[in-house]
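**Q** Quick one: structure below, then a few questions.
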Amino acid sequence: MSARPLATGTIMGKRRAFGLIAFAIASLGAFAASATPDVERPVAVVELFTSQGCNSCPNADSLLGELAERGDVVALAFHVDYWDYLGWKDTLARPENTERQRDYSRMFGNRSVYTPQIVVNGSIDVKGSKPARVESALRRAQMGHSLPVDVDLAFNDDSLLIGIGGGKVAAEAAIVILYFDERADVAITQGKNRGQTHSYIHPVRAYHAAGMWQGESQELRMPLHEVQKKSSGGVAVLVQEINANGLPGTIRGAAMIHHQPGS
């Protein structure tokens with residue numbers, strides 16, 4: 001909605017797969033046979049801020065679905081709640097999603113928030129309803145040697161395994177874990193999009209910081225049952241800079257992993 005109110009499958013480098021397997025065996029025991037899908041390393045993180053009550057959002061929602069299928073983009077949808085007053089309460093919205101967008105708005109120096117907004121790698125802000133601008137932002141991100149920090153993800157029988165590589169520290173960075181559903185089909189009966197049914201890809205259901213990254217490689221382990229309680233799709237992990245005011249900044253590394261069928 002252009003009016004403004006006041007105020008990947010798993011994405012991991014094939015060339016790093018053997019290193020991750022070695023790390024897992026050494027730390028936690030052998031993987032289950034289906035626990036490590038073979039996919040590509042991401043070139044960008046795309047965060048779409050959207051709403052089911054926004055009549056200019058469906059095209060951006062579809063675009064995010066296309067990006068998710070590329071296999072080299074961590075594509076995430078953050079449903080916000082500030083359009084709920086228009087007559088339809090977004091079934092996927094979370095207050096913390098709205099707060100993340102407001103933090104980005106303060107970081108970019110924008111006067112207000114809007115939908116659909118896309119943020120690429122935490123550093124480029126574009127209208128999600130403009131596919132050409134989104135593609136341009138992705139090209140700029142790739143030309144800027146984006147996501148230099150390796151992030152490896154895998155499941156074993158009882159854990160999510162997270163490996164963060166080393167690298168040059170430009171600023172303090174948080175390790176952010178995001179839980180998403182694979183897909184949500186929603187029939188909208190009120191508001192701007194009433195009478196329509198839309199499919200939403202990778203809606204974020206929860207997220208939290210799991211620690212700080214200060215340039216050294218590290219390993220984390222999350223209980224699998226906690227991961228499964230928070231999402232039906234999978235998990236994304238970001239290494240994201242935080243500025244002096246505590247606002248989110250450039251994403252230095254990222255990966256995404258999907259739950260295995262039957263997990």
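By order in the structure tokens, chains are A, B, ...; within a chain, residues start at 1; ligands start at 1, following the order shown.
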When DSSP works through the backbone of this structure, what residues of stretch 99-173 of chain A end up as helix (DSSP H, G or I), shown as a ChimeraX atom specification?
**A** /A:99-108,131-143
**Q** A:Asp72, A:Asp150, A:Asp125, A:Asp81: which is nearest A:Leu48, counting only C-alpha atoms?
**A** A:Asp125
**Q** I'd like the contact shell of stretch 172-188 of chain A - 7 Å cut-off, only C-alpha atoms, skipping same-chain residues fewer than 5 positions apart - returned as a PDB file with N, CA and C atoms, in the first residue's frame.
**A**
ATOM      1  N   ASN A 193      -8.635  -6.436   0.224  1.00  0.00           N
ATOM      2  CA  ASN A 193      -8.465  -7.622  -0.629  1.00  0.00           C
ATOM      3  C   ASN A 193      -9.569  -8.653  -0.421  1.00  0.00           C
ATOM      4  N   ARG A 194     -10.719  -8.218   0.073  1.00  0.00           N
ATOM      5  CA  ARG A 194     -11.807  -9.159   0.376  1.00  0.00           C
ATOM      6  C   ARG A 194     -12.215  -9.944  -0.880  1.00  0.00           C
ATOM      7  N   GLY A 195     -12.571 -11.196  -0.636  1.00  0.00           N
ATOM      8  CA  GLY A 195     -12.976 -12.067  -1.728  1.00  0.00           C
ATOM      9  C   GLY A 195     -11.826 -12.752  -2.432  1.00  0.00           C
ATOM     10  N   GLN A 196     -10.595 -12.485  -2.001  1.00  0.00           N
ATOM     11  CA  GLN A 196      -9.424 -13.080  -2.636  1.00  0.00           C
ATOM     12  C   GLN A 196      -8.757 -14.099  -1.709  1.00  0.00           C
ATOM     13  N   THR A 197      -8.106 -15.066  -2.310  1.00  0.00           N
ATOM     14  CA  THR A 197      -7.287 -16.019  -1.559  1.00  0.00           C
ATOM     15  C   THR A 197      -5.852 -15.879  -2.040  1.00  0.00           C
ATOM     16  N   HIS A 198      -4.942 -15.678  -1.093  1.00  0.00           N
ATOM     17  CA  HIS A 198      -3.540 -15.477  -1.454  1.00  0.00           C
ATOM     18  C   HIS A 198      -2.658 -16.518  -0.767  1.00  0.00           C
ATOM     19  N   SER A 199      -1.585 -16.864  -1.444  1.00  0.00           N
ATOM     20  CA  SER A 199      -0.573 -17.757  -0.878  1.00  0.00           C
ATOM     21  C   SER A 199       0.624 -16.922  -0.441  1.00  0.00           C
ATOM     22  N   TYR A 200       1.047 -17.128   0.782  1.00  0.00           N
ATOM     23  CA  TYR A 200       2.167 -16.373   1.342  1.00  0.00           C
ATOM     24  C   TYR A 200       3.324 -17.336   1.611  1.00  0.00           C
ATOM     25  N   ILE A 201       4.488 -17.011   1.078  1.00  0.00           N
ATOM     26  CA  ILE A 201       5.669 -17.867   1.179  1.00  0.00           C
ATOM     27  C   ILE A 201       6.588 -17.366   2.299  1.00  0.00           C
ATOM     28  N   HIS A 202       7.035 -18.301   3.128  1.00  0.00           N
ATOM     29  CA  HIS A 202       8.011 -18.051   4.187  1.00  0.00           C
ATOM     30  C   HIS A 202       7.608 -16.923   5.139  1.00  0.00           C
ATOM     31  N   PRO A 203       6.360 -16.914   5.636  1.00  0.00           N
ATOM     32  CA  PRO A 203       6.015 -15.921   6.650  1.00  0.00           C
ATOM     33  C   PRO A 203       6.767 -16.184   7.954  1.00  0.00           C
ATOM     34  N   VAL A 204       7.373 -15.154   8.493  1.00  0.00           N
ATOM     35  CA  VAL A 204       8.149 -15.283   9.731  1.00  0.00           C
ATOM     36  C   VAL A 204       7.193 -15.322  10.914  1.00  0.00           C
ATOM     37  N   ARG A 205       7.330 -16.349  11.758  1.00  0.00           N
ATOM     38  CA  ARG A 205       6.447 -16.505  12.909  1.00  0.00           C
ATOM     39  C   ARG A 205       7.083 -16.052  14.203  1.00  0.00           C
ATOM     40  N   ALA A 206       8.408 -16.035  14.267  1.00  0.00           N
ATOM     41  CA  ALA A 206       9.112 -15.590  15.477  1.00  0.00           C
ATOM     42  C   ALA A 206      10.582 -15.410  15.132  1.00  0.00           C
ATOM     43  N   TYR A 207      11.277 -14.621  15.925  1.00  0.00           N
ATOM     44  CA  TYR A 207      12.730 -14.506  15.773  1.00  0.00           C
ATOM     45  C   TYR A 207      13.332 -13.995  17.071  1.00  0.00           C
ATOM     46  N   HIS A 208      14.625 -14.247  17.231  1.00  0.00           N
ATOM     47  CA  HIS A 208      15.330 -13.781  18.427  1.00  0.00           C
ATOM     48  C   HIS A 208      16.832 -13.785  18.163  1.00  0.00           C
ATOM     49  N   ALA A 209      17.551 -13.031  18.958  1.00  0.00           N
ATOM     50  CA  ALA A 209      19.012 -13.033  18.890  1.00  0.00           C
ATOM     51  C   ALA A 209      19.540 -14.181  19.742  1.00  0.00           C
ATOM     52  N   ALA A 210      20.492 -14.929  19.182  1.00  0.00           N
ATOM     53  CA  ALA A 210      21.049 -16.082  19.892  1.00  0.00           C
ATOM     54  C   ALA A 210      22.465 -15.826  20.369  1.00  0.00           C
ATOM     55  N   GLY A 211      22.973 -14.619  20.180  1.00  0.00           N
ATOM     56  CA  GLY A 211      24.328 -14.297  20.606  1.00  0.00           C
ATOM     57  C   GLY A 211      24.931 -13.234  19.708  1.00  0.00           C
ATOM     58  N   MET A 212      26.201 -12.953  19.941  1.00  0.00           N
ATOM     59  CA  MET A 212      26.916 -11.941  19.165  1.00  0.00           C
ATOM     60  C   MET A 212      28.053 -12.602  18.395  1.00  0.00           C
ATOM     61  N   TRP A 213      28.346 -12.048  17.233  1.00  0.00           N
ATOM     62  CA  TRP A 213      29.468 -12.491  16.420  1.00  0.00           C
ATOM     63  C   TRP A 213      30.521 -11.386  16.423  1.00  0.00           C
ATOM     64  N   GLN A 214      31.752 -11.756  16.782  1.00  0.00           N
ATOM     65  CA  GLN A 214      32.838 -10.770  16.900  1.00  0.00           C
ATOM     66  C   GLN A 214      34.031 -11.135  16.040  1.00  0.00           C
ATOM     67  N   LYS A 230       8.126 -23.690  16.851  1.00  0.00           N
ATOM     68  CA  LYS A 230       8.002 -22.302  16.424  1.00  0.00           C
ATOM     69  C   LYS A 230       7.735 -22.134  14.941  1.00  0.00           C
ATOM     70  N   SER A 231       7.880 -23.187  14.147  1.00  0.00           N
ATOM     71  CA  SER A 231       7.640 -23.040  12.713  1.00  0.00           C
ATOM     72  C   SER A 231       7.341 -24.386  12.077  1.00  0.00           C
ATOM     73  N   SER A 232       6.604 -24.349  10.976  1.00  0.00           N
ATOM     74  CA  SER A 232       6.336 -25.569  10.215  1.00  0.00           C
ATOM     75  C   SER A 232       7.206 -25.650   8.972  1.00  0.00           C
ATOM     76  N   GLY A 233       7.949 -24.591   8.686  1.00  0.00           N
ATOM     77  CA  GLY A 233       8.754 -24.555   7.465  1.00  0.00           C
ATOM     78  C   GLY A 233      10.228 -24.788   7.704  1.00  0.00           C
ATOM     79  N   GLY A 234      10.825 -23.942   8.521  1.00  0.00           N
ATOM     80  CA  GLY A 234      12.247 -24.064   8.766  1.00  0.00           C
ATOM     81  C   GLY A 234      12.796 -22.864   9.508  1.00  0.00           C
ATOM     82  N   VAL A 235      14.104 -22.682   9.336  1.00  0.00           N
ATOM     83  CA  VAL A 235      14.829 -21.676  10.101  1.00  0.00           C
ATOM     84  C   VAL A 235      15.784 -20.925   9.175  1.00  0.00           C
ATOM     85  N   ALA A 236      15.878 -19.616   9.390  1.00  0.00           N
ATOM     86  CA  ALA A 236      16.925 -18.811   8.763  1.00  0.00           C
ATOM     87  C   ALA A 236      17.803 -18.242   9.867  1.00  0.00           C
ATOM     88  N   VAL A 237      19.073 -18.110   9.585  1.00  0.00           N
ATOM     89  CA  VAL A 237      20.021 -17.516  10.532  1.00  0.00           C
ATOM     90  C   VAL A 237      20.756 -16.384   9.831  1.00  0.00           C
ATOM     91  N   LEU A 238      20.767 -15.220  10.455  1.00  0.00           N
ATOM     92  CA  LEU A 238      21.445 -14.050   9.921  1.00  0.00           C
ATOM     93  C   LEU A 238      22.559 -13.616  10.865  1.00  0.00           C
ATOM     94  N   VAL A 239      23.655 -13.186  10.304  1.00  0.00           N
ATOM     95  CA  VAL A 239      24.685 -12.461  11.058  1.00  0.00           C
ATOM     96  C   VAL A 239      24.536 -11.009  10.636  1.00  0.00           C
ATOM     97  N   GLN A 240      23.978 -10.195  11.532  1.00  0.00           N
ATOM     98  CA  GLN A 240      23.562  -8.845  11.154  1.00  0.00           C
ATOM     99  C   GLN A 240      24.180  -7.793  12.067  1.00  0.00           C
ATOM    100  N   GLU A 241      24.803  -6.807  11.423  1.00  0.00           N
ATOM    101  CA  GLU A 241      25.412  -5.723  12.186  1.00  0.00           C
ATOM    102  C   GLU A 241      24.352  -4.924  12.939  1.00  0.00           C
ATOM    103  N   ILE A 242      24.768  -4.362  14.067  1.00  0.00           N
ATOM    104  CA  ILE A 242      23.914  -3.502  14.884  1.00  0.00           C
ATOM    105  C   ILE A 242      24.645  -2.186  15.073  1.00  0.00           C
TER     106      ILE A 242
END
**Q** Near A:Gly167, within 8 Å and counting only C-alpha atoms, which residues show up once chain neighbours fewer than 2 positions away are dropped, as a list in words?
**A**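 What passes the distance filter is Pro148, Val149, Gly165, Val169, Gly215, Glu216 and Ser217 of chain A.
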